[in-house]
Amino acid sequence: MTHRFSISPIHARIPFSPSPPHRQNLAGDLHTHRPRLPLLRSQSPALYNSHFSKDHRMTDNIDNADSVKTYNDLCYDLSSLQDLASRGAWRSILDKVAQARSRSLLSKPHEHLVYLSFNAIALTKLRRFSEAVAELDLVEKGLDIYRYETYPHHYPNRHGSMAPFVLRWLHAELPSRLGKRQETLDRFYILLQFIKEKLTNNLPDSSREVWKKREGLVINSIISHHLSHKEFGVCLDLINELINRESAPVPRAILMSKLGYIQMQFGDLEGARGTFGVIERIVREQKGDTEMMNLVNRNKALMFMVEKDYASAVREYQECIDRDGSDVVAINNKALCLMYMRDLSDSIKVMENALERIPTIALNETFVVNLCSMYELAYVNHSDIKKTLSSWIARVAPDDFDTSCTRI
């Protein structure tokens with residue numbers, strides 16, 4: 001009997017969908033999801049900090065962030081917006097922005113831009129993409145005219161752009177959410193060139209570091225879009241460019257992990273094995289921390305999964321969990337291996353235990369859809385069980401959680 005369901009392991013923070021046990025080619029089914037927004041829930045780093053995106057708070061997205069002492073020095077009541085975003089309270093952000101605008105509480109140009117940024121992020125998180133595009137259209141003349149020196153009475157002795165970088169990122173990303181993929185790629189490449197030009201300037205070290213992070217974010221976004229259409233050649237060129245420029249061992253190992261996952265996606269399993277071996281040597285020589293050691297174990301486990309040696313993969317994932325009980329990547333994939341070994345009872349226990357023990361980390365759509373698929377295989381009354389799960393999710397999930405993942 002063939003079951004129609006989608007099971008998604010997560011490897012090193014890149015979700016992908018290998019075959020159910022009755023199918024053969026694991027690597028051939030790999031795919032990445034859409035790039036994540038630069039502003040993400042801080043409670044869930046293990047799942048939301050994808051290898052092909054980064055976690056950027058709003059203060060990272062202001063050009064002159066060095067001079068900012070507190071959030072509220074930067075912008076009216078910004079700490080409140082930050083708090084709401086960290087809790088995934090995106091609808092409350094929309095209400096707060098609307099209230100600030102209606103009461104004329106925003107007195108300076110950059111405050112309007114910051115509030116517009118949070119509004120656009122919230123709309124995008126809530127999958128209201130057309131409204132998010134309309135919000136960006138409010139910046140009618142483009143972001144480059146919003147410069148501190150244009151308003152000397154507000155910003156004496158300050159210069160540079162006041163536009164939060166997240167607006168530039170959203171301007172590039174949003175067309176793809178409306179079916180205009182090529183427009184998104186064109187805009188990302190233009191944005192990448194803009195960043196490269198910035199990096200040619202004589203920047204302070206702190207500003208240069210910020211712009212290098214932004215460059216990595218944009219390149220990772222471009223890679224995600226190309227991977228989604230299996231355009232592997234350009235992905236390899238981009239990731240190798242990043243690797244060749246990185247001299248520090250640990251960051252280089254992280255970039256090489258991305259390379260290994262790309263190699264797996266187009267079936268170069270021996271190449272991926274070699275890449276993972278280099279990473280293991282780097283981590284051993286540098287006496288890596290828990291996160292890096294877990295990265296090595298997850299890479300090993302992934303190769304075991306490709307070879308259908310699920311028992312060995314479980315051992316590797318268990319090592320990760322023993323070191324870090326909140327490693328949701330390892331927890332999810334251990335449960336899938338148990339399922340492939342026809343141990344549905346234990347696989348469900350692993351998933352349910354994680355939701356009970358670390359709900360703010362494990363509550364992710366990929367994790368939940370996998371658990372629901374296991375319910376469908378294990379129980380005749382799976383609809384009732386999924387309704388109970390859905391009711392719990394409704395009480396604890398952030399506003400942007402996609403409840404359709406329970407498939408009720």
# chains A, B, ... in the order shown; residues from 1 in each chain; ligands from 1
$ residues_around --residues "Asp268 in chain A" --least-positions-apart "3" --cutoff "12 Å" --atoms "only C-alpha atoms" --output "ChimeraX atom specification"
/A:26-28,232,259-265,271-275,303,306
$ residues_around --residues "Tyr379 in chain A" --least-positions-apart "6" --cutoff "12 Å" --atoms "only C-alpha atoms" --output "list in words"
Leu344, Ser345, Ile348, Leu371, Cys372, Ser373, Ile385 and Lys386 of chain A
$ atom_distance --atom1 "CA of Leu178 in chain A" --atom2 "CA of His229 in chain A"
16.4 Å
$ residues_around --residues "range 319-321 of chain A" --least-positions-apart "5" --cutoff "9 Å" --atoms "only C-alpha atoms" --output "ChimeraX atom specification"
/A:290-291,293-295,297-298,314,326-328,330-331
